[in-house]
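Student: Here you go, data_15.tsv (TSV, C-alpha atoms and all ligand atoms):
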chain	number	residue	atom	x	y	z
A	1	MET	CA	-18.04	2.04	-42.49
A	2	GLY	CA	-16.18	2.07	-39.21
A	3	VAL	CA	-14.61	-1.00	-37.74
A	4	THR	CA	-16.87	-2.47	-35.10
A	5	ARG	CA	-15.10	-3.20	-31.84
A	6	LEU	CA	-15.88	-6.76	-31.03
A	7	VAL	CA	-13.83	-6.84	-27.86
A	8	LYS	CA	-16.06	-6.55	-24.83
A	9	LYS	CA	-15.08	-3.91	-22.31
A	10	LEU	CA	-13.85	-5.33	-19.05
A	11	ARG	CA	-15.66	-4.29	-15.90
A	12	VAL	CA	-13.14	-3.06	-13.35
A	13	GLY	CA	-14.35	-2.78	-9.77
A	14	VAL	CA	-12.41	0.01	-8.06
A	15	ILE	CA	-12.68	-0.44	-4.31
A	16	PHE	CA	-11.74	2.65	-2.30
A	17	GLY	CA	-12.14	4.41	1.04
A	18	GLY	CA	-11.72	1.79	3.71
A	19	ARG	CA	-11.40	1.48	7.45
A	20	SER	CA	-7.86	2.81	7.82
A	21	GLY	CA	-6.51	6.25	8.66
A	22	GLU	CA	-5.67	6.56	4.98
A	23	HIS	CA	-9.35	6.65	3.93
A	24	GLU	CA	-9.08	10.17	2.47
A	25	VAL	CA	-5.89	9.44	0.53
A	26	SER	CA	-7.55	6.32	-0.85
A	27	VAL	CA	-10.47	8.41	-2.14
A	28	ARG	CA	-7.98	10.74	-3.85
A	29	SER	CA	-6.02	7.78	-5.28
A	30	ALA	CA	-9.24	6.23	-6.61
A	31	GLY	CA	-10.21	9.54	-8.24
A	32	ALA	CA	-6.86	9.67	-10.04
A	33	VAL	CA	-7.16	6.02	-11.14
A	34	ILE	CA	-10.69	6.49	-12.46
A	35	GLU	CA	-9.71	9.58	-14.44
A	36	ALA	CA	-6.69	7.89	-16.00
A	37	ILE	CA	-8.11	4.45	-16.83
A	38	ASP	CA	-8.63	3.73	-20.58
A	39	ARG	CA	-12.37	4.02	-21.08
A	40	SER	CA	-12.27	2.42	-24.52
A	41	LYS	CA	-11.26	-0.82	-22.80
A	42	TYR	CA	-12.69	-0.64	-19.30
A	43	ASP	CA	-15.95	0.19	-17.56
A	44	VAL	CA	-15.31	1.38	-14.04
A	45	VAL	CA	-17.59	0.17	-11.28
A	46	PRO	CA	-16.86	2.20	-8.13
A	47	ILE	CA	-17.28	0.42	-4.81
A	48	ALA	CA	-16.70	2.31	-1.57
A	49	ILE	CA	-15.97	1.06	1.91
A	50	THR	CA	-16.89	3.53	4.64
A	51	LYS	CA	-14.69	4.20	7.68
A	52	ALA	CA	-17.02	1.92	9.61
A	53	GLY	CA	-16.42	-0.86	7.08
A	54	LYS	CA	-19.77	-0.75	5.29
A	55	TRP	CA	-19.71	-1.47	1.54
A	56	LEU	CA	-21.51	1.07	-0.64
A	57	PRO	CA	-22.91	0.17	-4.09
A	58	PRO	CA	-21.69	2.08	-7.18
A	59	ALA	CA	-24.71	4.41	-7.16
A	60	LEU	CA	-23.73	5.64	-3.67
A	61	ALA	CA	-19.96	5.16	-3.92
A	62	SER	CA	-19.69	7.62	-6.78
A	63	SER	CA	-20.94	10.48	-4.62
A	64	LEU	CA	-17.82	10.12	-2.42
A	65	LEU	CA	-15.50	10.61	-5.38
A	66	PRO	CA	-14.19	13.98	-6.47
A	67	GLU	CA	-16.68	15.75	-8.77
A	68	SER	CA	-14.11	15.78	-11.59
A	69	CYS	CA	-13.99	12.02	-11.97
A	70	ARG	CA	-17.72	11.22	-11.93
A	71	GLN	CA	-18.03	11.84	-15.67
A	72	PHE	CA	-15.66	8.90	-16.23
A	73	LEU	CA	-17.98	6.37	-14.63
A	74	SER	CA	-20.33	4.21	-16.66
A	75	ARG	CA	-24.00	5.19	-16.54
A	76	THR	CA	-25.01	1.70	-15.47
A	77	ALA	CA	-22.71	2.04	-12.47
A	78	LEU	CA	-24.37	5.26	-11.43
A	79	THR	CA	-28.04	4.52	-11.93
A	80	GLY	CA	-28.08	1.07	-10.34
A	81	SER	CA	-29.69	-0.01	-7.13
A	82	LYS	CA	-28.84	1.55	-3.79
A	83	ASP	CA	-29.16	-1.76	-1.98
A	84	ASP	CA	-26.39	-2.87	0.35
A	85	VAL	CA	-23.72	-4.86	-1.45
A	86	ALA	CA	-20.96	-7.32	-0.61
A	87	LEU	CA	-18.44	-9.62	-2.17
A	88	VAL	CA	-18.56	-13.12	-0.83
A	89	GLY	CA	-15.89	-15.80	-0.92
A	90	ASP	CA	-17.93	-18.07	-3.18
A	91	PRO	CA	-16.88	-18.27	-6.85
A	92	SER	CA	-20.40	-19.27	-7.89
A	93	ARG	CA	-21.64	-15.93	-6.59
A	94	SER	CA	-18.57	-13.87	-7.38
A	95	GLY	CA	-19.28	-10.33	-8.48
A	96	LEU	CA	-20.85	-7.51	-6.56
A	97	LEU	CA	-23.77	-9.06	-4.77
A	98	SER	CA	-26.80	-7.07	-3.73
A	99	LEU	CA	-27.61	-8.34	-0.27
A	100	ASP	CA	-31.27	-8.47	-1.31
A	101	SER	CA	-30.26	-11.20	-3.75
A	102	MET	CA	-29.93	-13.46	-0.74
A	103	ARG	CA	-33.62	-14.00	-1.45
A	104	GLY	CA	-32.57	-15.04	-4.92
A	105	SER	CA	-34.04	-12.14	-6.89
A	106	VAL	CA	-31.02	-10.07	-7.96
A	107	PRO	CA	-28.08	-11.66	-9.83
A	108	PRO	CA	-24.57	-10.47	-8.85
A	109	GLN	CA	-23.09	-7.67	-10.97
A	110	PRO	CA	-20.20	-9.31	-12.79
A	111	LEU	CA	-16.71	-7.90	-12.27
A	112	ASP	CA	-13.84	-8.99	-14.53
A	113	VAL	CA	-11.11	-7.59	-12.32
A	114	ILE	CA	-10.89	-5.67	-9.08
A	115	PHE	CA	-8.54	-2.81	-8.36
A	116	PRO	CA	-8.26	-2.38	-4.59
A	117	VAL	CA	-7.23	1.26	-4.21
A	118	LEU	CA	-7.08	1.01	-0.44
A	119	HIS	CA	-4.18	1.90	1.79
A	120	GLY	CA	-3.38	0.51	5.23
A	121	PRO	CA	-5.20	-2.10	7.33
A	122	TYR	CA	-8.27	-3.86	5.85
A	123	GLY	CA	-7.27	-3.20	2.27
A	124	GLU	CA	-3.52	-3.31	1.80
A	125	ASP	CA	-2.81	-5.96	4.42
A	126	GLY	CA	-4.03	-9.19	2.82
A	127	THR	CA	-7.46	-9.28	4.43
A	128	LEU	CA	-9.30	-8.06	1.32
A	129	GLN	CA	-6.90	-10.03	-0.89
A	130	GLY	CA	-7.86	-13.22	0.97
A	131	LEU	CA	-11.53	-12.54	0.24
A	132	LEU	CA	-10.79	-11.90	-3.45
A	133	GLU	CA	-8.73	-15.09	-3.72
A	134	MET	CA	-11.61	-17.03	-2.15
A	135	ALA	CA	-14.05	-15.46	-4.63
A	136	ALA	CA	-11.67	-16.29	-7.51
A	137	ILE	CA	-11.85	-12.76	-8.97
A	138	PRO	CA	-8.68	-11.40	-10.62
A	139	PHE	CA	-7.35	-8.38	-8.71
A	140	VAL	CA	-4.59	-5.82	-9.06
A	141	GLY	CA	-1.54	-6.01	-6.82
A	142	CYS	CA	-0.04	-8.37	-4.31
A	143	GLY	CA	-1.75	-11.52	-3.11
A	144	THR	CA	-2.65	-12.36	0.47
A	145	LEU	CA	0.81	-13.40	1.68
A	146	ALA	CA	2.76	-10.54	0.08
A	147	SER	CA	0.18	-7.99	1.24
A	148	ALA	CA	0.28	-9.26	4.82
A	149	CYS	CA	4.08	-9.39	4.86
A	150	GLY	CA	4.28	-5.92	3.35
A	151	MET	CA	2.08	-4.54	6.11
A	152	ASP	CA	3.79	-6.23	9.08
A	153	LYS	CA	7.13	-4.46	9.56
A	154	VAL	CA	8.52	-7.40	11.57
A	155	ALA	CA	7.61	-10.09	9.01
A	156	MET	CA	8.76	-7.79	6.20
A	157	LYS	CA	12.18	-7.23	7.76
A	158	ALA	CA	12.68	-10.95	8.38
A	159	LEU	CA	12.08	-11.63	4.66
A	160	PHE	CA	14.33	-8.74	3.63
A	161	ARG	CA	17.11	-9.96	5.90
A	162	ASP	CA	16.74	-13.45	4.50
A	163	ALA	CA	17.17	-11.99	0.99
A	164	GLY	CA	20.42	-10.30	2.11
A	165	LEU	CA	19.05	-6.75	1.98
A	166	PRO	CA	20.72	-4.20	4.30
A	167	LEU	CA	18.45	-2.97	7.12
A	168	CYS	CA	18.75	-0.77	10.19
A	169	ARG	CA	19.14	-2.45	13.58
A	170	TYR	CA	15.82	-3.27	15.20
A	171	THR	CA	14.06	-5.38	17.76
A	172	TRP	CA	10.42	-6.20	18.36
A	173	LEU	CA	8.10	-7.15	21.18
A	174	LEU	CA	4.50	-7.88	22.00
A	175	ARG	CA	2.31	-5.34	23.75
A	176	SER	CA	1.71	-7.83	26.57
A	177	GLU	CA	5.46	-7.98	27.27
A	178	TRP	CA	5.59	-4.20	27.55
A	179	GLU	CA	2.54	-4.08	29.78
A	180	GLU	CA	3.80	-6.82	32.08
A	181	ASN	CA	7.34	-5.58	32.48
A	182	PRO	CA	7.85	-2.01	31.24
A	183	ALA	CA	11.11	-1.34	33.08
A	184	GLN	CA	12.76	-4.46	31.70
A	185	VAL	CA	11.59	-3.69	28.15
A	186	VAL	CA	12.98	-0.15	28.33
A	187	ARG	CA	16.33	-1.43	29.66
A	188	ARG	CA	16.56	-4.04	26.90
A	189	ILE	CA	15.81	-1.53	24.14
A	190	ALA	CA	18.26	1.04	25.56
A	191	ARG	CA	20.95	-1.68	25.59
A	192	GLU	CA	20.20	-3.31	22.22
A	193	ILE	CA	19.10	-0.33	20.11
A	194	GLY	CA	20.09	2.84	21.98
A	195	PHE	CA	19.01	6.41	21.21
A	196	PRO	CA	17.57	7.98	19.20
A	197	CYS	CA	15.22	5.19	18.23
A	198	PHE	CA	11.91	4.94	16.39
A	199	VAL	CA	8.99	3.07	17.94
A	200	LYS	CA	6.23	1.85	15.63
A	201	PRO	CA	3.14	-0.34	15.68
A	202	ALA	CA	4.17	-3.31	13.48
A	203	ASN	CA	1.03	-3.19	11.34
A	204	LEU	CA	-0.05	0.27	10.31
A	205	GLY	CA	1.05	2.96	7.94
A	206	SER	CA	0.86	6.69	7.35
A	207	SER	CA	3.05	7.30	10.41
A	208	VAL	CA	0.20	6.56	12.83
A	209	GLY	CA	1.50	5.66	16.28
A	210	ILE	CA	5.14	6.25	15.28
A	211	SER	CA	7.44	8.36	17.42
A	212	LYS	CA	11.08	9.10	17.89
A	213	ALA	CA	12.54	8.57	21.35
A	214	ALA	CA	15.66	10.36	22.57
A	215	ASN	CA	15.89	8.86	26.06
A	216	LYS	CA	14.32	6.29	28.41
A	217	ARG	CA	11.50	8.60	29.41
A	218	SER	CA	10.41	9.41	25.87
A	219	LEU	CA	10.87	5.73	24.98
A	220	GLU	CA	8.24	4.87	27.60
A	221	GLN	CA	5.84	7.37	26.05
A	222	ALA	CA	6.60	6.09	22.56
A	223	LEU	CA	5.92	2.48	23.55
A	224	ALA	CA	2.66	3.46	25.26
A	225	LEU	CA	1.55	5.28	22.12
A	226	ALA	CA	2.44	2.48	19.69
A	227	ALA	CA	0.79	-0.08	21.99
A	228	ARG	CA	-2.55	1.65	21.41
A	229	TYR	CA	-2.46	0.62	17.75
A	230	ASP	CA	-1.09	-2.91	17.58
A	231	ARG	CA	-0.30	-5.93	19.72
A	232	LYS	CA	3.12	-6.12	18.06
A	233	LEU	CA	5.67	-3.29	18.28
A	234	ILE	CA	8.94	-2.66	16.49
A	235	VAL	CA	11.80	-0.45	17.66
A	236	GLU	CA	14.48	0.68	15.22
A	237	GLU	CA	17.71	2.63	15.55
A	238	GLY	CA	17.26	6.22	14.34
A	239	ILE	CA	19.02	6.78	11.04
A	240	ALA	CA	20.10	10.25	9.87
A	241	ALA	CA	19.36	9.78	6.23
A	242	ARG	CA	17.99	11.01	2.93
A	243	GLU	CA	14.67	9.37	2.08
A	244	ILE	CA	14.56	7.80	-1.36
A	245	GLU	CA	11.82	5.74	-2.98
A	246	CYS	CA	11.59	3.47	-5.99
A	247	ALA	CA	8.49	2.15	-7.78
A	248	VAL	CA	8.19	-1.44	-8.97
A	249	ILE	CA	5.78	-3.03	-11.48
A	250	GLY	CA	5.57	-6.66	-12.58
A	251	ASN	CA	4.84	-10.20	-11.52
A	252	ASP	CA	7.58	-12.78	-12.04
A	253	ASN	CA	9.91	-10.31	-13.79
A	254	PRO	CA	9.46	-7.01	-11.94
A	255	GLU	CA	10.93	-3.73	-13.20
A	256	ALA	CA	12.00	-0.69	-11.19
A	257	SER	CA	11.41	2.97	-12.04
A	258	LEU	CA	13.84	5.83	-11.59
A	259	PRO	CA	14.11	6.60	-7.86
A	260	GLY	CA	12.68	9.78	-6.32
A	261	GLU	CA	13.67	11.69	-3.19
A	262	TYR	CA	11.84	13.77	-0.61
A	263	LEU	CA	13.72	17.03	-0.30
A	264	VAL	CA	12.90	18.98	2.84
A	265	ARG	CA	13.43	22.74	2.74
A	266	GLU	CA	13.00	23.51	6.42
A	267	LYS	CA	12.99	20.85	9.05
A	268	ALA	CA	9.65	21.35	10.77
A	269	ALA	CA	8.93	18.01	12.43
A	270	GLU	CA	11.09	15.39	14.12
A	271	PHE	CA	10.71	13.17	11.05
A	272	LEU	CA	9.14	13.19	7.63
A	273	ASP	CA	5.72	11.97	8.58
A	274	TYR	CA	2.74	11.30	6.43
A	275	THR	CA	1.11	14.72	6.88
A	276	GLU	CA	4.33	16.40	5.75
A	277	LYS	CA	4.55	14.19	2.67
A	278	TYR	CA	0.94	14.97	1.70
A	279	ALA	CA	0.81	18.62	2.79
A	280	SER	CA	0.94	21.20	0.05
A	281	THR	CA	2.92	23.67	2.12
A	282	GLY	CA	5.85	23.54	-0.28
A	283	ASN	CA	8.14	22.52	2.57
A	284	VAL	CA	8.62	19.05	1.21
A	285	GLU	CA	9.22	18.36	-2.44
A	286	PHE	CA	9.38	14.98	-4.17
A	287	VAL	CA	12.09	15.10	-6.82
A	288	VAL	CA	12.53	12.55	-9.62
A	289	PRO	CA	15.08	11.41	-10.48
A	290	ALA	CA	16.67	11.49	-7.02
A	291	PRO	CA	19.93	13.44	-7.27
A	292	VAL	CA	22.24	10.45	-6.75
A	293	SER	CA	24.96	8.90	-8.90
A	294	LYS	CA	24.30	6.36	-11.64
A	295	SER	CA	25.72	3.56	-9.56
A	296	VAL	CA	23.56	4.44	-6.52
A	297	THR	CA	20.52	4.60	-8.84
A	298	ALA	CA	21.33	1.14	-10.16
A	299	ARG	CA	21.74	-0.24	-6.62
A	300	ILE	CA	18.43	1.26	-5.53
A	301	GLN	CA	16.68	-0.32	-8.51
A	302	GLN	CA	18.26	-3.73	-7.89
A	303	MET	CA	17.39	-3.60	-4.20
A	304	ALA	CA	13.82	-2.49	-4.96
A	305	VAL	CA	13.31	-5.50	-7.22
A	306	LYS	CA	14.91	-7.79	-4.63
A	307	ALA	CA	12.63	-6.43	-1.88
A	308	PHE	CA	9.59	-6.97	-4.13
A	309	GLN	CA	10.65	-10.55	-4.80
A	310	ALA	CA	11.49	-11.17	-1.12
A	311	ILE	CA	7.83	-10.75	-0.16
A	312	ASP	CA	6.68	-12.56	-3.34
A	313	GLY	CA	5.17	-9.32	-4.64
A	314	ALA	CA	2.88	-8.97	-7.63
A	315	GLY	CA	1.50	-6.10	-9.66
A	316	LEU	CA	2.93	-3.03	-8.04
A	317	ALA	CA	4.73	-1.74	-4.95
A	318	ARG	CA	6.85	1.14	-3.76
A	319	VAL	CA	10.08	0.45	-1.90
A	320	ASP	CA	11.39	3.12	0.50
A	321	PHE	CA	15.07	3.55	1.34
A	322	PHE	CA	17.32	5.43	3.71
A	323	LEU	CA	20.58	6.77	2.28
A	324	GLU	CA	22.73	7.51	5.32
A	325	ARG	CA	24.04	11.06	5.40
A	326	THR	CA	27.39	9.97	6.77
A	327	GLY	CA	28.94	6.97	5.11
A	328	GLY	CA	26.35	6.85	2.29
A	329	LYS	CA	25.07	3.42	3.25
A	330	LEU	CA	21.82	2.42	1.58
A	331	LEU	CA	19.21	0.65	3.76
A	332	VAL	CA	15.75	-0.64	2.88
A	333	ASN	CA	13.13	0.94	5.15
A	334	GLU	CA	9.90	-0.62	3.94
A	335	ILE	CA	7.74	-1.80	1.06
A	336	ASN	CA	4.23	-0.49	0.40
A	337	THR	CA	2.11	-2.88	-1.60
A	338	LEU	CA	-0.64	-0.37	-2.46
A	339	PRO	CA	1.22	2.91	-2.74
A	340	GLY	CA	-0.63	6.23	-3.05
A	341	LEU	CA	-1.75	6.95	-6.60
A	342	THR	CA	-2.86	10.58	-6.20
A	343	ASP	CA	-1.48	13.33	-8.40
A	344	VAL	CA	1.00	14.25	-5.65
A	345	SER	CA	2.04	10.66	-4.86
A	346	GLY	CA	5.51	9.29	-5.51
A	347	PHE	CA	4.54	6.12	-7.39
A	348	PRO	CA	2.90	7.76	-10.47
A	349	LYS	CA	5.53	10.53	-10.49
A	350	MET	CA	8.41	8.03	-10.59
A	351	TRP	CA	6.85	6.13	-13.49
A	352	ALA	CA	6.03	9.33	-15.37
A	353	ALA	CA	9.68	10.39	-15.10
A	354	SER	CA	10.66	6.90	-16.32
A	355	GLY	CA	8.50	7.34	-19.43
A	356	VAL	CA	5.41	5.42	-18.30
A	357	SER	CA	2.27	7.56	-17.95
A	358	LEU	CA	-0.43	6.78	-15.38
A	359	PRO	CA	-2.83	5.36	-18.03
A	360	ASP	CA	-0.02	3.01	-19.13
A	361	VAL	CA	0.75	2.07	-15.52
A	362	LEU	CA	-2.92	1.20	-14.97
A	363	GLU	CA	-3.10	-0.81	-18.18
A	364	ARG	CA	-0.02	-2.78	-17.12
A	365	VAL	CA	-1.19	-3.54	-13.60
A	366	ILE	CA	-4.64	-4.64	-14.82
A	367	GLN	CA	-3.05	-6.96	-17.39
A	368	LEU	CA	-0.69	-8.27	-14.69
A	369	ALA	CA	-3.74	-9.01	-12.51
A	370	LEU	CA	-5.32	-11.07	-15.30
A	371	GLU	CA	-2.02	-12.88	-15.96
A	372	LEU	CA	-1.50	-13.73	-12.31
A	373	HIS	CA	-5.07	-14.93	-12.03
A	374	SER	CA	-4.67	-17.35	-14.93
A	375	ASP	CA	-1.34	-18.50	-13.51
A	376	ARG	CA	-3.03	-19.16	-10.13
A	377	SER	CA	-5.91	-20.93	-11.88
A	378	ARG	CA	-3.46	-23.51	-13.25
A	379	ASN	CA	-2.85	-24.84	-9.76
A	380	GLU	CA	-4.46	-28.17	-9.08
A	381	THR	CA	-6.15	-28.41	-5.72
A	382	GLU	CA	-6.65	-32.13	-5.38
A	383	ARG	CA	-4.69	-35.26	-6.06
B	401	LIG	N1	14.65	4.00	11.76
B	401	LIG	C1	14.36	5.25	11.36
B	401	LIG	N2	15.31	6.24	11.34
B	401	LIG	C2	15.01	7.49	10.95
B	401	LIG	N3	13.80	7.90	10.53
B	401	LIG	C3	12.81	6.99	10.51
B	401	LIG	C4	13.04	5.62	10.92
B	401	LIG	N4	11.89	4.95	10.79
B	401	LIG	C5	10.99	5.84	10.34
B	401	LIG	N5	11.51	7.07	10.18
B	401	LIG	C6	10.79	8.28	9.73
B	401	LIG	O1	9.39	8.08	9.90
B	401	LIG	C7	8.70	8.02	8.65
B	401	LIG	C8	7.60	6.97	8.71
B	401	LIG	O2	8.13	5.70	9.02
B	401	LIG	P1	7.81	4.40	8.16
B	401	LIG	O3	8.59	3.27	8.69
B	401	LIG	O4	8.02	4.73	6.73
B	401	LIG	O5	6.29	4.15	8.49
B	401	LIG	P2	4.94	4.22	7.64
B	401	LIG	O6	4.63	2.79	7.33
B	401	LIG	O7	3.96	4.83	8.55
B	401	LIG	O8	5.22	5.03	6.40
B	401	LIG	C9	9.80	7.73	7.64
B	401	LIG	O9	9.45	8.18	6.34
B	401	LIG	C10	10.98	8.48	8.24
B	401	LIG	O10	10.88	9.89	8.00
B	402	MG	MG	6.75	4.95	5.08
Mind converting the file's structure to structure tokens?
Ligand SMILES: Nc1ncnc2c1ncn2[C@@H]1O[C@H](COP(=O)(O)OP(=O)(O)O)[C@@H](O)[C@H]1O
Ligand SMILES: [Mg+2]

Tutor:
Amino acid sequence: MGVTRLVKKLRVGVIFGGRSGEHEVSVRSAGAVIEAIDRSKYDVVPIAITKAGKWLPPALASSLLPESCRQFLSRTALTGSKDDVALVGDPSRSGLLSLDSMRGSVPPQPLDVIFPVLHGPYGEDGTLQGLLEMAAIPFVGCGTLASACGMDKVAMKALFRDAGLPLCRYTWLLRSEWEENPAQVVRRIAREIGFPCFVKPANLGSSVGISKAANKRSLEQALALAARYDRKLIVEEGIAAREIECAVIGNDNPEASLPGEYLVREKAAEFLDYTEKYASTGNVEFVVPAPVSKSVTARIQQMAVKAFQAIDGAGLARVDFFLERTGGKLLVNEINTLPGLTDVSGFPKMWAASGVSLPDVLERVIQLALELHSDRSRNETER
């Protein structure tokens, strides 16, 4: 007689898609997560958010996923109702709520833990995390504060600087300042930062709205472009550097993977933008471990953990570095609190090379989500 498994499978809601420019990458990341998750322990409930922000129930969400991963979804997830769904910030109704249940007829579908596999605004930036904290559902990854600080390049840099991490020179401004006094803004940036410089919307990702400026004229164009995407803009000195990344997993005692490096065969663009990193042209290759000395590896890992702790990170993150070509100085560029998880993404590759397979990574981050949730639940809220 076989041993009966008494342990109930946990229902993991995988939220993917989303309103950001990284919608497609999110779908690919979710596909990879669903294929690698341990099905003896977890039932996956797919939940999609369209580009317009509409939430799709599992029965519709699954049709957006790659064909190859549909077989990994539970039957109940696929055959359920096609009613509109939502999560609401009310713990007594937590779970995936059919909006028809507002009339009281349909109970919410319970979810034991949520894995937001969303990149960029409205997913990685604390907005969804705030909703999940309100609903008191355990979820994978950083909480509201860390997610918001990881998305806002100005807030992120202030925390990094406070933690003593080395950064490039930068300044920031509001869009209104630029619109009211463009000439003065350009003069200030030319004086404080100089050329070449990089102009970015403070809160985005995937290189959207980012450009490199070589002189005052191109700086004006760069500011006008970035100002289309955010009310807050950051301008950084241009660094001639190797681009190295390091993956981090953990809550209170985070661990860093071996670092990886983007090696560019032929310089095609002005900088290594998102399309280059995700293109399969063979021009850019992500190599793990990064070909750097043992001591540089150790410094990268220490700095990655420090950056994670500086934003009060949880679960997982990827920390990106610049290693200056002359002088060899190591600078932290940014942290990504929901890094890409596709088969070509850096985060799973760095853990694989460090001896942790994607199924093991997923198991760890789900357990970390449950741990953090019970730690949060200890907090008293009244006197
Ligand atoms: N200060 C800088 N100096 C040199 N290159 C930069 C600088 N900032 C950004 N880049 C280039 O632009 C890319 C995207 O910038 P990044 O800050 O990582 O934004 P995103 O959040 O969109 O990934 C980097 O990977 C790098 O190639
Ligand atoms: Mg980046």

Student: Report as an NGL selection string which protein, DNA and RNA residues come within 7 Å of ligand LIG 401 (chain B), using all atoms listed in the file.

Tutor: :A and (168 or 197-198 or 204-208 or 210 or 236-241 or 243 or 271-274 or 333-334)

Student: Nearest to ligand MG 402 (chain B) among A:Leu64, A:Met151, A:Val356, A:Leu159, with distances taken over only C-alpha atoms and all ligand atoms: which residue is it?

Tutor: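 Closest residue, counting only C-alpha atoms and all ligand atoms: A:Met151.
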
Student: Have a look at CA of Leu73 (chain A) and CA of Val44 (chain A) and let me know their distance in Å, one decimal.

Tutor: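 A separation of 5.7 Å between them.
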
Student: Can you work out the spacing between CA of Leu111 (chain A) and CA of Tyr42 (chain A) in Å, to one decimal?

Tutor: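 According to the coordinates, CA of Leu111 (chain A) and CA of Tyr42 (chain A) are separated by 10.9 Å.
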
Student: So how far away is CA of Val287 (chain A) from CA of Asp152 (chain A), in Å?

Tutor: 27.9 Å

Student: Counting only C-alpha atoms and all ligand atoms, figure out which residue out of A:Val361, A:Val284, A:Val319, A:Ile311 gets nearest to ligand MG 402 (chain B).

Tutor: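 Closest to ligand MG 402 (chain B) of all the choices is A:Val319.
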
Student: Taking (0.1, 6.7, -9.3) in the file's coordinates as the center, which residues reach within 8 Å of it, counting all atoms listed in the file, put as JSON, numbers by chain?

Tutor: {"A": [29, 32, 33, 339, 340, 341, 342, 343, 345, 346, 347, 348, 349, 351, 358, 361]}

Student: Please list as a list in words every residue within 6 Å of Thr144 (chain A), counting all atoms listed in the file and excluding residues in the same chain fewer than 6 positions away.

Tutor: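 My reading of the contact set: Gly126, Gln129 and Gly130 of chain A.
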
Student: Please determine, counting all atoms listed in the file, which residue among A:Gly250, A:Gly120, A:Pro46, A:Pro57 has the shortest atom-to-atom distance to Asn336 (chain A).

Tutor: A:Gly120

Student: Smallest atom-to-atom distance to ligand MG 402 (chain B): which of A:Phe195, A:Phe16, A:Phe321, A:Phe286, using all atoms listed in the file?

Tutor: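 Using all atoms listed in the file, the shortest distance to ligand MG 402 (chain B) belongs to A:Phe321.
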
Student: Of the candidates A:Arg175, A:Arg228, A:Lys277, A:His23, which one gets nearest to ligand MG 402 (chain B) if we count only C-alpha atoms and all ligand atoms?

Tutor: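 Closest to ligand MG 402 (chain B) of all the choices is A:Lys277.
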
Student: Kindly indicate which residue among A:Ala86, A:Val25, A:Val332, A:Ile300 lies nearest to ligand MG 402 (chain B), using only C-alpha atoms and all ligand atoms for the distances.

Tutor: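 The shortest atom-to-atom distance to ligand MG 402 (chain B) comes from A:Val332.
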
Student: Enumerate, as number ranges by chain, the protein, DNA and RNA residues whose atoms approach (21.3, -0.7, -2.5) to within 7 Å, taking into account only C-alpha atoms and the coordinate frame of the file.

Tutor: A: 296, 299-300, 302-303, 330-331

Student: For the interface of region 171-275 of chain A with region 365-369 of chain A (cut-off 12 Å, counting only C-alpha atoms), please tabulate each contacting residue of region 171-275 of chain A alongside its nearest pair of atoms and their separation in Å to one decimal, rows sorted by chain and increasing number, as a tab-separated table.

Tutor:
residue	atom	partner	partner_atom	distance
A:Val248	CA	A:Val365	CA	10.7
A:Ile249	CA	A:Val365	CA	7.3
A:Gly250	CA	A:Leu368	CA	6.8
A:Asn251	CA	A:Leu368	CA	6.7
A:Asp252	CA	A:Leu368	CA	9.8
A:Asn253	CA	A:Leu368	CA	10.8
A:Pro254	CA	A:Leu368	CA	10.6

Student: Suppose we keep C-alpha atoms; can you now write the selection as a compact mmCIF listing (two decimals), in the frame of the given file?

Tutor:
# COMPACT_ATOMS: atom_id res chain seq x y z
CA VAL A 248 8.19 -1.44 -8.97
CA ILE A 249 5.78 -3.03 -11.48
CA GLY A 250 5.57 -6.66 -12.58
CA ASN A 251 4.84 -10.20 -11.52
CA ASP A 252 7.58 -12.78 -12.04
CA ASN A 253 9.91 -10.31 -13.79
CA PRO A 254 9.46 -7.01 -11.94

Student: Set the distance at 7 Å and use all atoms listed in the file: which residues neighbour Pro138 (chain A) once local chain neighbours fewer than 5 positions away are removed? I'd like the list as a CSV table (one decimal) with C-alpha atoms, keeping the file's coordinate frame.

Tutor:
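After the write, around-v8.csv holds the following:
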chain,number,residue,atom,x,y,z
A,112,ASP,CA,-13.8,-9.0,-14.5
A,113,VAL,CA,-11.1,-7.6,-12.3
A,114,ILE,CA,-10.9,-5.7,-9.1
A,369,ALA,CA,-3.7,-9.0,-12.5
A,370,LEU,CA,-5.3,-11.1,-15.3
A,373,HIS,CA,-5.1,-14.9,-12.0
